[in-house]
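Following: one structure in structure tokens, then a few remarks.
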Amino acid sequence: MSVSTPFILRPVATSLLGVAVLLGGLLGFWRLAVAPLPQVDFPTIQIVTRMPGANPDIIAAIITAPLERQFGQIPALTTMSSLSSFGLSQITLQFDLDRDIDGAAQDVQSAINAASSSLPRTLPYPPTYAKVNPADTPIITLALTSDNLPLRTLSDFADSLIGPRLSEMSGVGRVSIQGGIKPAVRIRADLARLSNYKIGLEDLRQAIVAANVAGAKGALDGAHQAYTISSNDQIAAAAAYGNVIVAFRNNAPVLLRDVAEVIDGLEDTRVGGWYKGQTAIILDVQRQPGANVITTVDRLKQELPRIARSIPAGAKLDIVHDRTQIIRASIHEVEFTLALSVALVVLVVLLFLRTARATIIAGVTLPLSIVATFAVMWVVGFSLDNLSLMALTIGTGFIVDDAIVMIENIVRNVEAGKSPLDAALDGAREIGFTVISLTFSLIAVFIPLLFMTGVVGRMFREFALTLAISVLVSAVVSLTLTPMMCSKILREIPPGRESFLMRAAEWPMNLMARGYEATLGWALRRQGFMLFLTLGTLVLTVWLYIVIPKGFLPIQDTGLVAVTLESSPDASFREMSRLQGEVAAVMERDPEVAGVVSVLGIGPLNATSNAARLTVVLKDRDQRRESAATISERLRAAAAEVPGATVFVEPVQDIQIT
């Protein structure tokens with residue numbers, strides 16, 4: 001009795017088991033997360049601290065250094081890099097790949113609390129941290145523009161309305177707002193008047209701070225009633241600041257409006273964003289780890305019309321770039337390749353087995369093994385991406401091996417005169433051990449990939465496991481469903497009653513056998529030449545391996561081109577605005593470009609004030625004739641003609657490892 005015997009003798013139960021596997025696989029396929037590449041969670045945390053007005057030396061001395069001393073004591077920390085620029089401190093912590101990101105975040109928060117006593121008391125905002133995944137690019141980018149509303153209003157709506165609404169959506173991990181900053185009241189002191197009144201800037205600052213205090217005022221407790229004073233001294237409107245008393249001169253108060261101009265503005269006026277040459281607020285949306293990219297973007301697109309109705313008239317919310325367009329096209333191409341490979345394998349089985357009944361059995365077991373693999377992928381937390389689908393495409397040849405070996409042996413027993421049931425029982429018993437050994441030998445090939453460490457190991461572990469799972473599932477199907485179907489579908493063919501298909505396939509097989517016999521004889525008669533050819537092939541292979549270009553992943557066409565613009569260190573914000581406008585205009589004139597988004601000013605994207613980041617959005621792949629790499633070279637040459645600007649251009653990839 002073999003492993004397959006109970007399944008052959010119970011065809012109804014085996015058929016129901018196959019249907020259950022099919023339904024489970026389809027359910028897993030629908031629930032699988034969709035992504036361009038496997039989800040690689042880098043345990044990386046980024047800490048950002050803002051102190052407007054402070055120069056880089058001050059930031060490094062009083063903010064970055066105290067925080068670094070505390071972060072250096074966190075266990076499993078592999079690298080720590082920091083950046084201190086004008087008004088901004090940015091520290092990036094990267095931990096071991098096996099470190100839990102949530103536990104690392106708790107240690108970071110504890111380190112921030114421990115360093116709070118060493119930070120300046122005048123720090124307007126405490127340090128904030130975020131779990132950053134460098135492998136994730138924004139799944140969708142939005143631009144908020146207006147022809148008549150000021151940037152302050154747009155920034156307020158993006159920060160208080162659009163950002164929170166998008167963050168609440170299922171699957172959204174982070175919403176980054178670029179080009180906008182929090183609204184603030186700006187006070188421009190008149191130095192001449194301050195000198196006439198003999199008032200220093202520090203006196204002016206202390207007067208403003210003393211008049212703008214939010215704190216408890218206590219309560220009034222009488223004989224019969226108690227009243228809590230709820231008012232405070234915090235000033236919210238710019239007009240109210242004008243009545244603040246700065247000092248007394250000649251027994252008369254000197255008001256703030258007498259020595260300064262008070263206006264409603266932004267906290268940082270040297271930050272800006274543009275889209276198609278128009279001032280804009282840029283919103284980058286990133287997904288949660290494991291979320292389905294396509295489902296998340298579809299959900300966001302359904303919410304955008306409701307958000308658009310909530311913003312004031314005159315404001316417009318546009319989709320700059322939808323990352324899922326490239327992902328959908330890429331996944332569709334791989335799925336088509338997978339379906340085509342299955343069809344070709346079935347045709348090859350039909351050509352060599354020369355019987356429609358045996359081909360039907362192979363045509364059922366092969367797709368069933370692939371569909372069942374989807375269920376296992378969903379259980380273990382994999383995603384439907386290019387690497388996992390490529391593993392299934394490659395594994396199509398491996399998957400069908402088990403079924404072909406089983407079918408061919410049972411057909412041989414049928415041709416020997418046995419009944420289909422006896423042929424299935426005997427054939428499964430004879431070949432069962434071979435199928436098991438063949439399966440484990442194939443799985444052993446991928447064991448080294450499973451033990452690879454680092455980023456490469458994380459990236460290709462899903463590829464290796466998916467391929468190993470598909471081979472294992474195919475072995476189970478070949479030992480259960482395949483012999484049962486053979487016992488019910490195969491029929492004994494008496495001599496002389498071969499089908500037309502068998503007779504038609506006979507002459508190509510004979511022709512192939514005669515051709516192989518002739519070429520084999522020719523090779524055996526020229527052993528010296530064949531040995532020389534083998535050594536030459538080996539040498540050529542080694543030489544090609546040395547000279548061939550190497551990289552982590554192939555160059556991809558994501559439809560985005562990243563542009564970094566740099567100028568002289570003393571370039572003003574107005575000069576940088578002019579330069580980025582000229583570079584953006586040059587790139588928008590390219591016929592393959594759909595739009596240009598640019599961000600200027602110190603922030604998470606730009607380390608210094610003399611740098612700007614531009615993202616060139618290309619037209620859809622079916623609407624342009626050139627690749628992103630070719631367009632990047634042309635854009636680099638065009639931007640080089642702008643005087644005073646140094647421009648770096650490169651296509652955006654799905655994942656960038658530095």
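Identifiers for the structure tokens are assigned positionally: chains receive A, B, ... in sequence, residues are indexed from 1 per chain, and ligands are indexed from 1 in the order shown.
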
Next on the checklist: For the structure I just gave you, how does DSSP split stretch 163-365 of chain A - specifically, which residues are helix (DSSP H, G or I)? Reply as an NGL selection string.
Outcome noted: :A and (163-167 or 191-196 or 201-211 or 238-241 or 256-259 or 293-310 or 324-353 or 356-365)

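Proximity ranking of A:Ser598, A:Ser437, A:Thr373, A:Thr5 relative to A:Gly24 places A:Thr373 first, based on only C-alpha atoms.
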
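Taking only C-alpha atoms, the non-local environment of A:Gly87 within 9 Å (same-chain residues fewer than 3 positions away omitted) comprises Thr49, Arg50, Met51, Pro52, Gly53, Ala54, Asn55, Pro56, Ile58, Ile59, Ser84 and Ile602 of chain A.
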
For the residues in that selection, give me N, CA, C and O atoms as an mmCIF file, in the first residue's frame.
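Output contents, as saved in part-v4.cif:
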data_model
loop_
_atom_site.group_PDB
_atom_site.id
_atom_site.type_symbol
_atom_site.label_atom_id
_atom_site.label_comp_id
_atom_site.auth_asym_id
_atom_site.auth_seq_id
_atom_site.Cartn_x
_atom_site.Cartn_y
_atom_site.Cartn_z
ATOM 1 N N THR A 49 13.927 67.151 14.746
ATOM 2 C CA THR A 49 13.747 68.216 15.729
ATOM 3 C C THR A 49 13.906 69.548 15.014
ATOM 4 O O THR A 49 14.905 69.759 14.307
ATOM 5 N N ARG A 50 12.959 70.430 15.201
ATOM 6 C CA ARG A 50 12.978 71.742 14.547
ATOM 7 C C ARG A 50 13.199 72.848 15.578
ATOM 8 O O ARG A 50 12.583 72.849 16.645
ATOM 9 N N MET A 51 14.057 73.776 15.201
ATOM 10 C CA MET A 51 14.293 74.969 16.004
ATOM 11 C C MET A 51 14.519 76.116 15.029
ATOM 12 O O MET A 51 15.661 76.419 14.657
ATOM 13 N N PRO A 52 13.441 76.740 14.562
ATOM 14 C CA PRO A 52 13.569 77.778 13.529
ATOM 15 C C PRO A 52 14.511 78.890 13.954
ATOM 16 O O PRO A 52 14.497 79.360 15.103
ATOM 17 N N GLY A 53 15.368 79.285 13.016
ATOM 18 C CA GLY A 53 16.281 80.395 13.242
ATOM 19 C C GLY A 53 17.661 80.010 13.702
ATOM 20 O O GLY A 53 18.582 80.825 13.641
ATOM 21 N N ALA A 54 17.850 78.779 14.174
ATOM 22 C CA ALA A 54 19.159 78.364 14.685
ATOM 23 C C ALA A 54 20.056 77.918 13.535
ATOM 24 O O ALA A 54 19.605 77.238 12.615
ATOM 25 N N ASN A 55 21.344 78.303 13.598
ATOM 26 C CA ASN A 55 22.269 77.905 12.547
ATOM 27 C C ASN A 55 22.731 76.466 12.777
ATOM 28 O O ASN A 55 22.525 75.904 13.855
ATOM 29 N N PRO A 56 23.372 75.832 11.789
ATOM 30 C CA PRO A 56 23.754 74.418 11.927
ATOM 31 C C PRO A 56 24.663 74.130 13.112
ATOM 32 O O PRO A 56 24.543 73.064 13.731
ATOM 33 N N ILE A 58 24.741 75.633 16.058
ATOM 34 C CA ILE A 58 23.923 75.623 17.275
ATOM 35 C C ILE A 58 23.077 74.355 17.332
ATOM 36 O O ILE A 58 22.944 73.720 18.385
ATOM 37 N N ILE A 59 22.486 73.984 16.205
ATOM 38 C CA ILE A 59 21.665 72.773 16.153
ATOM 39 C C ILE A 59 22.497 71.549 16.547
ATOM 40 O O ILE A 59 22.061 70.693 17.329
ATOM 41 N N SER A 84 22.653 68.102 10.697
ATOM 42 C CA SER A 84 22.304 69.362 11.360
ATOM 43 C C SER A 84 22.363 70.479 10.339
ATOM 44 O O SER A 84 23.426 70.749 9.773
ATOM 45 N N ILE A 602 14.666 73.743 3.624
ATOM 46 C CA ILE A 602 15.222 72.732 4.522
ATOM 47 C C ILE A 602 14.084 71.900 5.102
ATOM 48 O O ILE A 602 13.090 72.423 5.614
#

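One finds atom CA of A:Leu467 at 24.4 Å from atom CA of A:Ala428.
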
Give me, as a Markdown table, the closest atom pair and its distance (Å, one decimal) for every residue of stretch 130-203 of chain A within a cut-off of 12 Å of stretch 613-632 of chain A, counting only C-alpha atoms, rows sorted by chain and rising number.
| residue | atom | partner | partner_atom | distance |
| --- | --- | --- | --- | --- |
| A:Pro138 | CA | A:Thr615 | CA | 11.9 |
| A:Ile140 | CA | A:Val617 | CA | 11.9 |
| A:Thr141 | CA | A:Val617 | CA | 10.4 |
| A:Gln178 | CA | A:Arg613 | CA | 10.7 |
| A:Gly179 | CA | A:Arg613 | CA | 10.9 |

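Distances here use only C-alpha atoms; by that measure, the residue among A:Gln39, A:Ser419, A:Thr646, A:Ser577 closest to A:Glu462 is A:Gln39.
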
Next on the checklist: Just want the 12 Å neighbourhood of A:Leu201, counted on only C-alpha atoms, with same-chain residues fewer than 5 positions away dropped. Output as number ranges by chain.
Outcome noted: A: 187-195, 206-208, 246, 256, 259-260

Please write the residues from the selection above to a file, keeping C-alpha atoms, as a compact mmCIF listing (two decimals), in the first residue's frame.
# COMPACT_ATOMS: atom_id res chain seq x y z
CA ILE A 187 6.76 90.16 13.79
CA ARG A 188 9.14 92.34 11.78
CA ALA A 189 10.94 94.70 14.11
CA ASP A 190 11.79 98.24 13.03
CA LEU A 191 15.36 98.62 14.27
CA ALA A 192 15.37 102.41 13.87
CA ARG A 193 12.33 102.87 16.10
CA LEU A 194 13.64 100.38 18.62
CA SER A 195 16.86 102.40 18.77
CA GLN A 206 10.52 89.03 26.61
CA ALA A 207 7.57 91.40 26.32
CA ILE A 208 5.95 89.23 23.64
CA VAL A 246 6.62 96.53 25.08
CA LEU A 256 4.27 96.59 19.63
CA VAL A 259 8.09 99.44 16.79
CA ALA A 260 7.26 96.43 14.58

Next on the checklist: I'd like the interatomic distance between atom CA of A:Val19 and atom CA of A:Val400, to a tenth of an Å.
Outcome noted: 19.2 Å

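Each of A:Arg186, A:Arg299, A:Lys198, A:Arg121 was compared to A:Arg249 using only C-alpha atoms, and A:Lys198 turns out to be the nearest.
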
DSSP on the backbone: which residues in stretch 425-615 of chain A end up as strand (DSSP E)? Give the answer as a CSV table (one decimal) with all heavy atoms, in the first residue's frame.
chain,number,residue,atom,x,y,z
A,560,LEU,N,8.8,57.9,-13.1
A,560,LEU,CA,9.3,59.0,-12.3
A,560,LEU,C,10.8,59.2,-12.5
A,560,LEU,O,11.5,58.3,-12.7
A,560,LEU,CB,9.0,58.8,-10.8
A,560,LEU,CG,7.5,58.7,-10.4
A,560,LEU,CD1,7.5,58.4,-8.9
A,560,LEU,CD2,6.8,60.0,-10.7
A,561,VAL,N,11.2,60.5,-12.5
A,561,VAL,CA,12.6,60.8,-12.6
A,561,VAL,C,12.9,61.8,-11.5
A,561,VAL,O,12.2,62.8,-11.3
A,561,VAL,CB,12.9,61.5,-14.0
A,561,VAL,CG1,14.4,61.9,-14.0
A,561,VAL,CG2,12.6,60.5,-15.1
A,562,ALA,N,13.9,61.4,-10.7
A,562,ALA,CA,14.3,62.3,-9.5
A,562,ALA,C,15.4,63.3,-10.0
A,562,ALA,O,16.3,62.9,-10.6
A,562,ALA,CB,14.8,61.4,-8.4
A,563,VAL,N,15.2,64.5,-9.6
A,563,VAL,CA,16.1,65.6,-10.0
A,563,VAL,C,16.5,66.3,-8.7
A,563,VAL,O,15.7,66.7,-7.9
A,563,VAL,CB,15.5,66.6,-11.0
A,563,VAL,CG1,16.5,67.7,-11.4
A,563,VAL,CG2,15.0,65.8,-12.2
A,564,THR,N,17.8,66.5,-8.5
A,564,THR,CA,18.4,67.2,-7.4
A,564,THR,C,19.1,68.5,-8.0
A,564,THR,O,20.0,68.4,-8.8
A,564,THR,CB,19.4,66.4,-6.6
A,564,THR,OG1,18.7,65.2,-6.1
A,564,THR,CG2,19.9,67.2,-5.4
A,565,LEU,N,18.7,69.6,-7.5
A,565,LEU,CA,19.2,70.9,-8.0
A,565,LEU,C,20.0,71.5,-6.8
A,565,LEU,O,19.5,71.7,-5.7
A,565,LEU,CB,18.1,71.9,-8.4
A,565,LEU,CG,18.4,73.3,-8.6
A,565,LEU,CD1,19.3,73.4,-9.9
A,565,LEU,CD2,17.2,74.2,-8.8
A,566,GLU,N,21.3,71.9,-7.1
A,566,GLU,CA,22.1,72.5,-6.1
A,566,GLU,C,22.7,73.8,-6.7
A,566,GLU,O,23.0,73.9,-7.9
A,566,GLU,CB,23.3,71.6,-5.7
A,566,GLU,CG,22.8,70.4,-5.0
A,566,GLU,CD,23.9,69.5,-4.5
A,566,GLU,OE1,25.1,69.9,-4.8
A,566,GLU,OE2,23.7,68.5,-3.8
A,593,VAL,N,7.1,64.5,-20.9
A,593,VAL,CA,6.9,64.8,-19.5
A,593,VAL,C,5.4,65.3,-19.3
A,593,VAL,O,4.9,66.1,-20.0
A,593,VAL,CB,7.8,66.0,-19.0
A,593,VAL,CG1,7.5,66.4,-17.6
A,593,VAL,CG2,9.3,65.4,-19.1
A,594,ALA,N,4.8,64.7,-18.2
A,594,ALA,CA,3.4,65.1,-17.9
A,594,ALA,C,3.3,66.2,-16.9
A,594,ALA,O,2.4,67.0,-16.9
A,594,ALA,CB,2.6,63.9,-17.4
A,595,GLY,N,4.3,66.4,-16.0
A,595,GLY,CA,4.3,67.4,-15.0
A,595,GLY,C,5.6,67.3,-14.2
A,595,GLY,O,6.3,66.3,-14.1
A,596,VAL,N,5.9,68.4,-13.5
A,596,VAL,CA,7.0,68.5,-12.6
A,596,VAL,C,6.6,69.0,-11.2
A,596,VAL,O,5.9,70.0,-11.1
A,596,VAL,CB,8.1,69.4,-13.2
A,596,VAL,CG1,9.3,69.5,-12.2
A,596,VAL,CG2,8.6,68.9,-14.6
A,597,VAL,N,7.0,68.3,-10.2
A,597,VAL,CA,6.8,68.7,-8.8
A,597,VAL,C,8.1,69.1,-8.2
A,597,VAL,O,9.1,68.3,-8.3
A,597,VAL,CB,6.1,67.6,-8.0
A,597,VAL,CG1,6.0,68.0,-6.5
A,597,VAL,CG2,4.8,67.2,-8.6
A,598,SER,N,8.2,70.2,-7.5
A,598,SER,CA,9.5,70.6,-6.9
A,598,SER,C,9.2,71.1,-5.5
A,598,SER,O,8.2,71.7,-5.2
A,598,SER,CB,10.1,71.8,-7.8
A,598,SER,OG,9.2,72.9,-7.9
A,599,VAL,N,10.2,70.8,-4.7
A,599,VAL,CA,10.1,71.2,-3.2
A,599,VAL,C,11.4,71.9,-2.9
A,599,VAL,O,12.5,71.4,-3.2
A,599,VAL,CB,9.9,69.9,-2.3
A,599,VAL,CG1,10.0,70.3,-0.9
A,599,VAL,CG2,8.6,69.3,-2.7
A,600,LEU,N,11.3,73.0,-2.3
A,600,LEU,CA,12.5,73.8,-1.9
A,600,LEU,C,12.5,74.2,-0.4
A,600,LEU,O,11.4,74.4,0.1
A,600,LEU,CB,12.5,75.1,-2.8
A,600,LEU,CG,13.6,76.1,-2.6
A,600,LEU,CD1,15.0,75.5,-2.9
A,600,LEU,CD2,13.4,77.4,-3.4
A,611,ALA,N,19.5,73.7,-1.9
A,611,ALA,CA,19.2,72.5,-2.7
A,611,ALA,C,17.7,72.4,-2.9
A,611,ALA,O,16.9,72.9,-2.0
A,611,ALA,CB,19.7,71.2,-1.9
A,612,ALA,N,17.3,71.8,-4.0
A,612,ALA,CA,15.9,71.6,-4.3
A,612,ALA,C,15.7,70.3,-4.9
A,612,ALA,O,16.6,69.7,-5.5
A,612,ALA,CB,15.4,72.7,-5.3
A,613,ARG,N,14.5,69.7,-4.6
A,613,ARG,CA,14.2,68.3,-5.1
A,613,ARG,C,13.1,68.5,-6.1
A,613,ARG,O,12.0,69.0,-5.7
A,613,ARG,CB,13.9,67.4,-4.0
A,613,ARG,CG,15.0,67.1,-3.0
A,613,ARG,CD,16.1,66.3,-3.7
A,613,ARG,NE,17.2,66.0,-2.8
A,613,ARG,CZ,17.3,64.9,-2.1
A,613,ARG,NH1,16.4,63.9,-2.3
A,613,ARG,NH2,18.3,64.7,-1.3
A,614,LEU,N,13.3,67.9,-7.3
A,614,LEU,CA,12.2,67.9,-8.3
A,614,LEU,C,11.9,66.5,-8.7
A,614,LEU,O,12.8,65.7,-8.8
A,614,LEU,CB,12.7,68.7,-9.6
A,614,LEU,CG,12.8,70.2,-9.4
A,614,LEU,CD1,14.2,70.6,-8.8
A,614,LEU,CD2,12.7,70.9,-10.8
A,615,THR,N,10.6,66.2,-8.9
A,615,THR,CA,10.2,64.9,-9.3
A,615,THR,C,9.5,65.1,-10.7
A,615,THR,O,8.5,65.8,-10.7
A,615,THR,CB,9.2,64.3,-8.3
A,615,THR,OG1,9.9,64.1,-7.1
A,615,THR,CG2,8.8,62.9,-8.8

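One distance worth recording is that between atom CA of A:Gly265 and atom CA of A:Lys182, which is 9.0 Å.
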
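Comparing the minimum interatomic distances between A:Ser470 and each of A:Asn292, A:Asn510, A:Ser369, A:Thr537, counting only C-alpha atoms, we find that A:Ser369 sits nearest.
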
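Non-sequential neighbours of A:Gly163 (distance at most 8 Å, separation of 5 or more positions within a chain, only C-alpha atoms) are A:Ala158, A:Val175, A:Ser176, A:Ile177, A:Leu283.
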
Selection above as a file: C-alpha atoms, as a PDB file, in the first residue's frame:
ATOM      1  CA  ALA A 158      -3.485  70.452   4.109  1.00  0.00           C
ATOM      2  CA  VAL A 175       1.166  61.272   4.852  1.00  0.00           C
ATOM      3  CA  SER A 176       4.058  63.685   4.308  1.00  0.00           C
ATOM      4  CA  ILE A 177       3.266  67.328   3.542  1.00  0.00           C
ATOM      5  CA  LEU A 283       1.206  65.464  -0.173  1.00  0.00           C
TER       6      LEU A 283
END

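Of the residues under consideration (A:Val349, A:Cys486, A:Leu389, A:Ala513), A:Cys486 shows the shortest atom-to-atom contact distance to A:Asn413 when counting only C-alpha atoms.
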